[in-house]
Amino acid sequence: MEGQLPGGPSLVGRHIRERRSRAGLSQAQLAAQAAISVAGLRDLEQGRVLRPRPDTLRRLAAALHLTAAETAALIELGHDPNGDPGGLRIQVLGPLQVTVGPHPVDLGSPVRRMLLCLLALSPNTVVPRDELTEQLWGTPHAAQLLQTHVSRLRARLAGQPVRIAAAGDGYRLDVTADQLDLLAFRQAVAQARTLSAHGHRQEAVRCYRQAAEMWRGGPLADLPGLQTHPALADLARQRRTCVIEYADAGAPPEQALAVLRALAEADPLDEPVCLRLMAALVGTGQRAAALAAFQVLRRGLRDELGVDPGTELEQAHRALLGGSTGPAGRVPEQLPAAPHRFSGRRGDLARLDGLLAGWPGSAPLICTISGMAGVGKSALAVHWAHAVRDSFPDGRLYLDLRGYDPGRSAMTSGEVVRALLEALQPGGRLPHTAPALTAHYRSLIAGRRLLILLDNAHDAEQVRPVLPGAPGAMVLVTSRDQLTGLAAAEHAQPVRLDVFTGDEARSFLSHRLGEQRVAAEPAAVADIVAGCGRLPLALAVVAARAAAHPRFALAALATELRGGHGTLTALEVSDQAADVRTVFMHSYRDLKAAEAAMFRLLALHPGPEVSVAAAARLADVADTDARRTLRELSAAHLIEEPSPGRFRFHDLLRAFARELVRAEDGEPLRAAATQRMVGHYLHTAAAGTLLLAPRRDPVRLAEGSAGQRLADHQQAREWFRTEYPVLLAVADIADGPYLWQLAWALITYQDRAGHWQDWAELQGKALRAAERRGDTLGAAHSQRGLGRALAWLGRPDARVPLHRAIELFAELGDVASLGHLQLDLSVVEEHQGRADLALRHAERGVALFEQAGHQAGLANALNNICVQLAELGRHDDGVRYGLRALALLRELGDRRGEAATYDSLGVAYLQLGDHTRALADFAQAYRLFEEVGDRPGCGDVLLHLGDAHRAAGAEGDAAAAWRAALTIFEELDLADAEKALQRLAVPVA
C-alpha cells in the first residue's frame with residue numbers, strides 16, 4: 001500500500017489506546033494487532049487484501065511515538081516478509097530464484113542469470129561495465145555484447161517494479177527489500193542489532209531468526225561461475241555473523257540448531273560456530289551429538305591444520321565429559337591401533353559423524369558399514385572409532401568376527417556374546433546358557449555410553465544377539481554383506497562404502513609414497529589408479545611395492561598392471577590377507593552353486609551394466625530366478641546394483657570372474673551362453689526398432705533366444721536409451737549375421753537420437769565382417785546403412801556405399817530396397833544443394849515403390865518430392881505432393897512420416913506467405929516428432945517454426961523457438977547448431 005494508510009494514524013492510534021485500556025495489553029502487542037488490522041483492510045474496487053510497505057509502517061510508528069521494539073513488532077506482523085505474494089521476488093541467498101508470485105521467471109541464457117546476479121550483489125549501486133564483462137566473458141572489451149544482454153534481461157523483467165538503469169560507466173539494479181532477499185536480510189539484521197542495543201532481547205531474537213532463515217544454502221549455489229566473486233565471501237561472513245549474534249542473543253536452542261548446523265557443514269573448522277552448536281545440542285538434550293560435533297571439529301583441525309581446538313571449546317568438551325553416567329571401575333579399551341596415514345573418505349566420515357550427532361540417545365544406535373572385499377571397511381571403522389572415542393566415556397569394545405577370514409572359521413553368535421562379556425567383566429562368573437548370556441550382556445551394557453565395534457561380520461544372525469536392548473551404546477558393524485536384515489528389523493543405519501574417488505586414490509598414494517614422487521609422474525599415477533579400479537586394497541599393494549623399491553619408476557609399475565591383461569597377477573602378494581585374488585576367492589567360495597555360476601557367466605557380458613533379462617539368458621534361467629540370484633550377489637558386494645534391476649562389476653571383480661569362467665566353464669558352455677545373450681539383445685532391438693518405426697521393412701533374423709517384450713514405442717525408446725552403451729559393446733563381440741542385423745536394428749534409434757558417428761562406425765564394422773564371410777545380404781544392408789549415416793553426417797562420399805548397395809540389392813532382386821536407396825541418394829544431393837538431382841532421385845523412388853507395391857516407401861518419396869519442389873521454388877506443386885503424402889501416411893499410421901511431411905508442408909506454406917497454415921503445420925510436426933522421440937527432427941522443426949514467427953512479426957516467439965532448437969543441437973553436438981546461432985544473431989528490424 002503506497003502513501004497514507006486508510007483511516008490515517010489517528011484512527012490506528014485511537015484503536016491502540018482503546019484496546020490497551022480494555023485488555024491491559026502492552027504497547028508492542030497492541031501495535032502488532034493494529035498492524036494486522038491495517039494489513040487486513042480491503043480495497044473495495046480491486047477486491048484484494050493490501051499490505052502496507054515497511055516505510056509506511058515506520059511513519060505510522062513515528063506518528064504513534066512507538067518504541068524501537070514496538071516498531072519492530074509492527075513491521076514484522078503488519079508486513080509480509082516475503083513481499084507482495086503477487087509481486088517480483090529476486091532471491092540470491094541460495095540458488096538464484098526469480099519469481100512473480102508463485103511463478104518462476106525464465107531469464108533465458110545462463111549469461112543473463114549471471115548478469116542479474118552481479119547487479120543484485122550490489123543492489124542500488126552502479127556496477128562498472130568493465131567489471132561486468134570481465135566476470136561474464138573474461139574480458140573488459142565486450143561492451144556491445146553486455147548492452148545486448150542488458151536489453152534482453154530488461155525485456156524478461158518487463159512490467160515488473162524493478163529497473164536496470166544505465167548510470168555513469170555501468171549499470172544499477174534499482175530494487176527494494178520487498179523485491180530482493182539480500183536487502184531484506186540486511187534490513188532485518190540492522191533492526192535486530194538496534195533492538196538488542198536497546199535491551200529488547202525477545203524482539204531482537206525474532207528479527208535475527210527472520211534474517212537467518214532467509215538463507216536457502218550457499219549464495220547463488222547454482223552458478224559456479226560466480227563462486228569466486230568477492231561479494232560471495234562477504235555475504236558468507238555476514239551470514240556467519242548474523243547466526244552467531246542470533247545464538248548469543250538467546251535464540252531457543254531448537255530454533256538455532258538448523259542454522260548453526262548449516263554453518264558448521266559449510267565450514268567444519270569454525271570454532272565459534274562449533275561452540276554454539278554444541279550449546280544448542282546440549283540445550284535440546286543431545287549430549288552425545290554435542291560430543292560428536294566436537295570430535296568432528298577436533299579431527300578436522302588436526303588433519304588440516306595440525307592444531308587442537310581452542311581453550312573455550314576444550315572447556316566445553318570437558319564439561320560435557322563430566323556428565324558421564326557410566327559405572328565406576330575399569331573402562332574397556334579394545335580398539336586396534338588407528339590406521340597409519342589414513343586419507344580420504346570425507347563423505348563417509350561425515351555420514352558417520354552425522355549419525356552420531358543426530359543420535360538422541362533415547363535408543364541404541366546401530367550402524368553398518370558394508371562394501372566389497374578390499375574397499376577399506378575396517379580401516380574406516382577403526383579410524384572413526386578413534387576419532388570419536390571421547391564420545392563414549394564408558395569404553396570402546398572391539399571384536400573381529402572372522403566372517404570372511406581366509407584362515408579361520410567365523411565366530412558363532414554365542415562366541416561373540418561370551419567374548420564381549422569377558423571384556424566387560426574380566427574374571428567374572430558367566431551364565432551357561434545362550435539366552436542367559438545374552439540377557440546378562442544386555443543388562444551389563446544398559447545405560448552405558450559404549451562404542452562396540454564388530455568387525456568383519458558374516459551375516460546379521462552373527463551379531464543380532466549382541467545388539468543392545470536399552471539406550472546408551474552404539475554398535476558399529478562392518479561386513480561384505482549388506483546386512484539388510486539389521487536395517488529392516490533393528491533399524492540399523494547403513495553406510496555403503498564404495499571404492500575411492502579419483503582424488504581420494506591419488507591422495508592415498510601421496511600419503512604412502514610422498515607427494516613429490518606422485519606429482520612427478522601424474523600420467524603413471526592415473527594409470528595405476530585406473531588399473532587398480534580405485535580399490536584401496538589394490539592401491540595399497542601397488543604402493544607397498546613402490547615403497548619397497550623407491551628407485552622404481554611409477555610408470556614401470558603401471559606397465560606391470562597393464563601387462564596383467566585383465567587378470568589379478570600384478571596384484572599378487574604372499575600375505576593372504578592382502579592378496580586381492582585370495583580376498584575375492586573367500587567371498588566367492590561362500591556362494592551357493594547358482595550364485596557362483598551366475599557370477600562367473602556375468603564375466604562374459606561386455607557392457608557396463610547388465611539387466612535381469614540379459615543375465616537370465618546368460619545363465620539360461622527364468623527371470624525371477626535371475627533377479628533373486630543377482631540380488632544375492634549384490635548383497636554380498638560381488639556386484640553392484642546402481643539402479644533398480646541393473647547390475648555391474650567392479651573392474652577387478654570382473655577380472656576375477658573372467659579368470660574363474662575360463663577355468664571352470666568349458667568353451668562350449670561359454671560360447672552357448674554368449675550366443676544366448678547376443679540373441680537376446682538382437683531380437684529385443686529388432687522388435688524395438690519396429691515399434692519405433694512400424695513401417696520399416698523387417699529382416700529375417702538369425703536364430704537366438706527370445707528377446708525382452710516391449711509394450712509400445714515409448715517403452716522401446718526407453719529400452720534403447722538405457723541399453724545403448726551395452727548394445728555397442730555387444731556389437732563388439734557379435735559375429736556371423738548377428739553383427740549386421742544388430743547394426744540394422746540400431747539404425748532407427750541412432751538416427752533419431754543423433755548418434756550418427758556411432759551409426760557410421762558400426763555399419764562399417766558390420767560391412768567388413770559381412771564381406772569377409774561373403775554374405776551378400778548382410779553386405780547390402782551394411783552398405784546402405786553406411787551410406788545413410790555418411791549422408792546425415794554431410795559427407796559427399798556417402799554416394800559410394802549407396803551405389804554399391806544398389807548393385808547388391810539389384811543382384812538380390814529387392815525392388816523396394818532399390819526404391820529406398822533412391823531416396824537415400826536424394827538426401828545426399830539435397831545436402832549438397834542439388835535440388836534438381838534430389839528431385840530426380842525421388843521421382844525414381846516413386847516409380848520403384850509403385851512397381852514393388854510399397855505404400856510406405858511411396859509416401860516418403862512423395863514427401864521428398866514436396867521438399868525438393870519447395871527448394872526449387874515450385875511451392876504450389878510441393879503442397880500438392882505433400883498433401884498426397886500426408887493422406888497416405890495417415891492411412892498407414894506412420895507417425896514419423898507424418899511429422900516429416902507436416903514439416904515439409906509448413907516450409908511450402910511459409911514460402912507462399914500463408915503464415916497461419918505454416919505455424920499450424922510446424923506445431924503439428926513438432927508434436928509428432930516429440931511423440932516418436934526424434935530429437936534432431938524436433939530441432940529442425942523449431943528452426944522452421946522460428947522462421948515462421950519472424951515472418952509473422954513475432955520476434956520474441958521466433959527467438960524462443962531458435963533457442964530451443966539450439967539447445968537440442970548443442971545437446972546432440974550437431975553442426976545444425978550454427979544455423980540456430982546465425983538466426984539468433986540477426987538483429988531485430
# chains A, B, ... in the order shown; residues from 1 in each chain; ligands from 1

call {"tool": "select_by_dssp", "arguments": {"residues": "stretch 449-620 of chain A", "states": "strand (DSSP E)", "output": "ChimeraX atom specification"}}
result
/A:451-457,474-479,493-496,610-611

call {"tool": "write_last_selection", "arguments": {"atoms": "N, CA and C atoms", "output": "CSV table (one decimal), in the first residue's frame"}}
result
chain,number,residue,atom,x,y,z
A,451,LEU,N,31.0,-47.8,22.9
A,451,LEU,CA,31.1,-48.0,21.5
A,451,LEU,C,31.5,-49.4,21.3
A,452,ILE,N,30.7,-50.2,20.5
A,452,ILE,CA,31.0,-51.6,20.3
A,452,ILE,C,31.2,-51.8,18.8
A,453,LEU,N,32.5,-52.1,18.4
A,453,LEU,CA,32.9,-52.2,17.0
A,453,LEU,C,33.0,-53.7,16.7
A,454,LEU,N,32.1,-54.2,15.9
A,454,LEU,CA,32.1,-55.6,15.5
A,454,LEU,C,32.6,-55.7,14.0
A,455,ASP,N,33.8,-56.1,13.8
A,455,ASP,CA,34.4,-56.1,12.5
A,455,ASP,C,34.3,-57.4,11.8
A,456,ASN,N,34.1,-57.3,10.4
A,456,ASN,CA,34.1,-58.4,9.6
A,456,ASN,C,33.0,-59.5,9.9
A,457,ALA,N,31.8,-59.0,10.0
A,457,ALA,CA,30.7,-59.9,10.3
A,457,ALA,C,30.3,-60.6,9.0
A,474,MET,N,26.4,-47.6,21.3
A,474,MET,CA,26.4,-47.6,19.8
A,474,MET,C,27.1,-48.8,19.3
A,475,VAL,N,26.5,-49.5,18.3
A,475,VAL,CA,27.2,-50.7,17.7
A,475,VAL,C,27.5,-50.4,16.3
A,476,LEU,N,28.7,-50.6,15.9
A,476,LEU,CA,29.2,-50.3,14.6
A,476,LEU,C,29.7,-51.7,14.0
A,477,VAL,N,29.0,-52.1,12.9
A,477,VAL,CA,29.3,-53.4,12.3
A,477,VAL,C,29.9,-53.2,10.9
A,478,THR,N,31.0,-53.9,10.6
A,478,THR,CA,31.5,-53.9,9.2
A,478,THR,C,31.2,-55.3,8.6
A,479,SER,N,30.9,-55.4,7.3
A,479,SER,CA,30.7,-56.6,6.6
A,479,SER,C,30.7,-56.5,5.1
A,493,GLN,N,21.4,-48.2,10.7
A,493,GLN,CA,21.7,-47.1,9.7
A,493,GLN,C,22.8,-47.6,8.8
A,494,PRO,N,22.6,-47.7,7.5
A,494,PRO,CA,23.6,-48.3,6.6
A,494,PRO,C,24.5,-47.2,6.1
A,495,VAL,N,25.8,-47.6,6.0
A,495,VAL,CA,26.8,-46.8,5.3
A,495,VAL,C,27.4,-47.7,4.3
A,496,ARG,N,27.2,-47.5,3.0
A,496,ARG,CA,27.7,-48.3,1.9
A,496,ARG,C,29.0,-47.7,1.4
A,610,VAL,N,24.3,-54.9,-16.8
A,610,VAL,CA,23.5,-56.0,-17.3
A,610,VAL,C,22.1,-55.9,-16.6
A,611,SER,N,21.1,-56.2,-17.4
A,611,SER,CA,19.7,-56.2,-16.9
A,611,SER,C,19.4,-57.6,-16.4

call {"tool": "residues_around", "arguments": {"residues": "A:Met585", "least_positions_apart": "5", "cutoff": "12 Å", "atoms": "only C-alpha atoms", "output": "ChimeraX atom specification"}}
result
/A:373-374,404-406,568,576-577,579-580,590-591,596,599,638,653,656-657,659-660

call {"tool": "residues_around", "arguments": {"residues": "A:Leu180", "least_positions_apart": "3", "cutoff": "6 Å", "atoms": "only C-alpha atoms", "output": "PyMOL selection string"}}
result
chain A and resi 90-91+177+183

call {"tool": "residues_around", "arguments": {"residues": "A:Gln179", "least_positions_apart": "6", "cutoff": "8 Å", "atoms": "only C-alpha atoms", "output": "PyMOL selection string"}}
result
chain A and resi 83+87-90

call {"tool": "residues_around", "arguments": {"residues": "A:Ala918", "least_positions_apart": "2", "cutoff": "9 Å", "atoms": "only C-alpha atoms", "output": "ChimeraX atom specification"}}
result
/A:902-903,905-911,913-916,920-923,945,948

call {"tool": "write_last_selection", "arguments": {"atoms": "C-alpha atoms", "output": "mmCIF file, in the first residue's frame"}}
result
data_model
loop_
_atom_site.group_PDB
_atom_site.id
_atom_site.type_symbol
_atom_site.label_atom_id
_atom_site.label_comp_id
_atom_site.auth_asym_id
_atom_site.auth_seq_id
_atom_site.Cartn_x
_atom_site.Cartn_y
_atom_site.Cartn_z
ATOM 1 C CA TYR A 902 3.928 -31.633 -41.907
ATOM 2 C CA ASP A 903 7.350 -30.001 -41.662
ATOM 3 C CA LEU A 905 4.245 -28.568 -45.938
ATOM 4 C CA GLY A 906 4.980 -25.880 -43.365
ATOM 5 C CA VAL A 907 8.046 -24.793 -45.315
ATOM 6 C CA ALA A 908 6.000 -24.653 -48.532
ATOM 7 C CA TYR A 909 3.206 -22.603 -46.916
ATOM 8 C CA LEU A 910 5.771 -20.265 -45.372
ATOM 9 C CA GLN A 911 7.242 -19.576 -48.812
ATOM 10 C CA GLY A 913 3.200 -16.351 -47.359
ATOM 11 C CA ASP A 914 0.487 -18.336 -45.541
ATOM 12 C CA HIS A 915 1.920 -17.870 -42.036
ATOM 13 C CA THR A 916 -1.130 -19.270 -40.252
ATOM 14 C CA ALA A 920 -0.103 -24.848 -37.590
ATOM 15 C CA ASP A 921 1.801 -27.446 -39.634
ATOM 16 C CA PHE A 922 5.083 -26.807 -37.789
ATOM 17 C CA ALA A 923 3.312 -27.172 -34.438
ATOM 18 C CA LEU A 945 8.913 -22.536 -36.579
ATOM 19 C CA ALA A 948 7.561 -18.572 -39.459
#

call {"tool": "select_by_dssp", "arguments": {"residues": "stretch 430-597 of chain A", "states": "alpha helix (DSSP H)", "output": "number ranges by chain"}}
result
A: 434-445, 460-463, 484-489, 502-513, 515-520, 522-531, 536-548, 554-563, 580-589, 593-597

call {"tool": "write_last_selection", "arguments": {"atoms": "C-alpha atoms", "output": "mmCIF file, in the first residue's frame"}}
result
data_model
loop_
_atom_site.group_PDB
_atom_site.id
_atom_site.type_symbol
_atom_site.label_atom_id
_atom_site.label_comp_id
_atom_site.auth_asym_id
_atom_site.auth_seq_id
_atom_site.Cartn_x
_atom_site.Cartn_y
_atom_site.Cartn_z
ATOM 1 C CA ALA A 434 22.919 -68.801 25.441
ATOM 2 C CA PRO A 435 19.727 -66.897 26.429
ATOM 3 C CA ALA A 436 21.148 -66.212 29.906
ATOM 4 C CA LEU A 437 24.422 -64.985 28.426
ATOM 5 C CA THR A 438 22.585 -62.562 26.132
ATOM 6 C CA ALA A 439 20.357 -61.294 28.965
ATOM 7 C CA HIS A 440 23.359 -60.778 31.244
ATOM 8 C CA TYR A 441 25.233 -58.931 28.499
ATOM 9 C CA ARG A 442 22.343 -56.585 27.796
ATOM 10 C CA SER A 443 21.856 -55.848 31.489
ATOM 11 C CA LEU A 444 25.537 -55.064 31.823
ATOM 12 C CA ILE A 445 25.648 -52.505 28.999
ATOM 13 C CA ALA A 460 23.033 -60.472 10.579
ATOM 14 C CA GLU A 461 22.484 -63.546 12.751
ATOM 15 C CA GLN A 462 26.092 -63.422 13.914
ATOM 16 C CA VAL A 463 25.610 -60.009 15.545
ATOM 17 C CA THR A 484 19.677 -55.679 5.171
ATOM 18 C CA GLY A 485 18.044 -57.731 7.928
ATOM 19 C CA LEU A 486 19.519 -55.405 10.553
ATOM 20 C CA ALA A 487 18.243 -52.358 8.686
ATOM 21 C CA ALA A 488 14.755 -53.837 8.363
ATOM 22 C CA ALA A 489 14.280 -55.298 11.846
ATOM 23 C CA GLY A 502 39.947 -40.428 -8.302
ATOM 24 C CA ASP A 503 41.129 -37.643 -5.963
ATOM 25 C CA GLU A 504 40.975 -39.943 -2.940
ATOM 26 C CA ALA A 505 43.010 -42.603 -4.748
ATOM 27 C CA ARG A 506 45.706 -40.091 -5.679
ATOM 28 C CA SER A 507 45.746 -38.718 -2.120
ATOM 29 C CA PHE A 508 46.091 -42.289 -0.802
ATOM 30 C CA LEU A 509 49.168 -42.842 -2.969
ATOM 31 C CA SER A 510 50.592 -39.466 -1.915
ATOM 32 C CA HIS A 511 50.247 -40.424 1.750
ATOM 33 C CA ARG A 512 52.025 -43.722 1.111
ATOM 34 C CA LEU A 513 54.717 -42.594 -1.355
ATOM 35 C CA GLU A 515 53.587 -36.011 -2.690
ATOM 36 C CA GLN A 516 56.809 -35.307 -4.590
ATOM 37 C CA ARG A 517 57.062 -38.798 -6.089
ATOM 38 C CA VAL A 518 53.401 -38.881 -7.037
ATOM 39 C CA ALA A 519 53.444 -35.373 -8.520
ATOM 40 C CA ALA A 520 56.477 -36.264 -10.668
ATOM 41 C CA PRO A 522 50.921 -37.818 -12.989
ATOM 42 C CA ALA A 523 50.200 -39.979 -16.049
ATOM 43 C CA ALA A 524 51.593 -43.109 -14.386
ATOM 44 C CA VAL A 525 49.616 -42.367 -11.225
ATOM 45 C CA ALA A 526 46.416 -42.063 -13.302
ATOM 46 C CA ASP A 527 47.206 -45.435 -14.935
ATOM 47 C CA ILE A 528 47.807 -47.065 -11.533
ATOM 48 C CA VAL A 529 44.563 -45.667 -10.159
ATOM 49 C CA ALA A 530 42.660 -46.942 -13.205
ATOM 50 C CA GLY A 531 44.429 -50.327 -13.165
ATOM 51 C CA PRO A 536 42.027 -49.348 -1.617
ATOM 52 C CA LEU A 537 43.458 -52.862 -1.124
ATOM 53 C CA ALA A 538 44.811 -52.951 -4.674
ATOM 54 C CA LEU A 539 46.247 -49.458 -4.324
ATOM 55 C CA ALA A 540 47.889 -50.494 -1.050
ATOM 56 C CA VAL A 541 49.550 -53.478 -2.764
ATOM 57 C CA VAL A 542 50.976 -51.272 -5.517
ATOM 58 C CA ALA A 543 52.010 -48.601 -3.009
ATOM 59 C CA ALA A 544 53.798 -51.203 -0.881
ATOM 60 C CA ARG A 545 55.699 -52.437 -3.929
ATOM 61 C CA ALA A 546 56.613 -48.882 -4.880
ATOM 62 C CA ALA A 547 57.697 -48.054 -1.333
ATOM 63 C CA ALA A 548 59.885 -51.167 -1.202
ATOM 64 C CA LEU A 554 55.828 -45.495 -11.171
ATOM 65 C CA ALA A 555 55.412 -45.857 -14.933
ATOM 66 C CA ALA A 556 57.061 -49.283 -14.696
ATOM 67 C CA LEU A 557 54.541 -50.357 -12.050
ATOM 68 C CA ALA A 558 51.704 -49.043 -14.211
ATOM 69 C CA THR A 559 53.056 -51.149 -17.070
ATOM 70 C CA GLU A 560 53.030 -54.226 -14.813
ATOM 71 C CA LEU A 561 49.358 -53.614 -14.102
ATOM 72 C CA ARG A 562 48.540 -53.270 -17.799
ATOM 73 C CA GLY A 563 50.576 -56.405 -18.502
ATOM 74 C CA VAL A 580 43.437 -59.378 -3.868
ATOM 75 C CA ARG A 581 42.651 -62.686 -5.578
ATOM 76 C CA THR A 582 42.671 -64.580 -2.244
ATOM 77 C CA VAL A 583 40.416 -61.984 -0.628
ATOM 78 C CA PHE A 584 37.964 -62.228 -3.517
ATOM 79 C CA MET A 585 38.133 -66.022 -3.528
ATOM 80 C CA HIS A 586 36.971 -66.257 0.073
ATOM 81 C CA SER A 587 33.827 -64.278 -0.814
ATOM 82 C CA TYR A 588 33.279 -66.419 -3.915
ATOM 83 C CA ARG A 589 33.587 -69.738 -2.058
ATOM 84 C CA ALA A 593 26.110 -73.076 -6.672
ATOM 85 C CA ALA A 594 23.597 -70.985 -8.662
ATOM 86 C CA GLU A 595 25.101 -67.736 -7.392
ATOM 87 C CA ALA A 596 28.647 -68.873 -8.231
ATOM 88 C CA ALA A 597 27.590 -69.903 -11.745
#
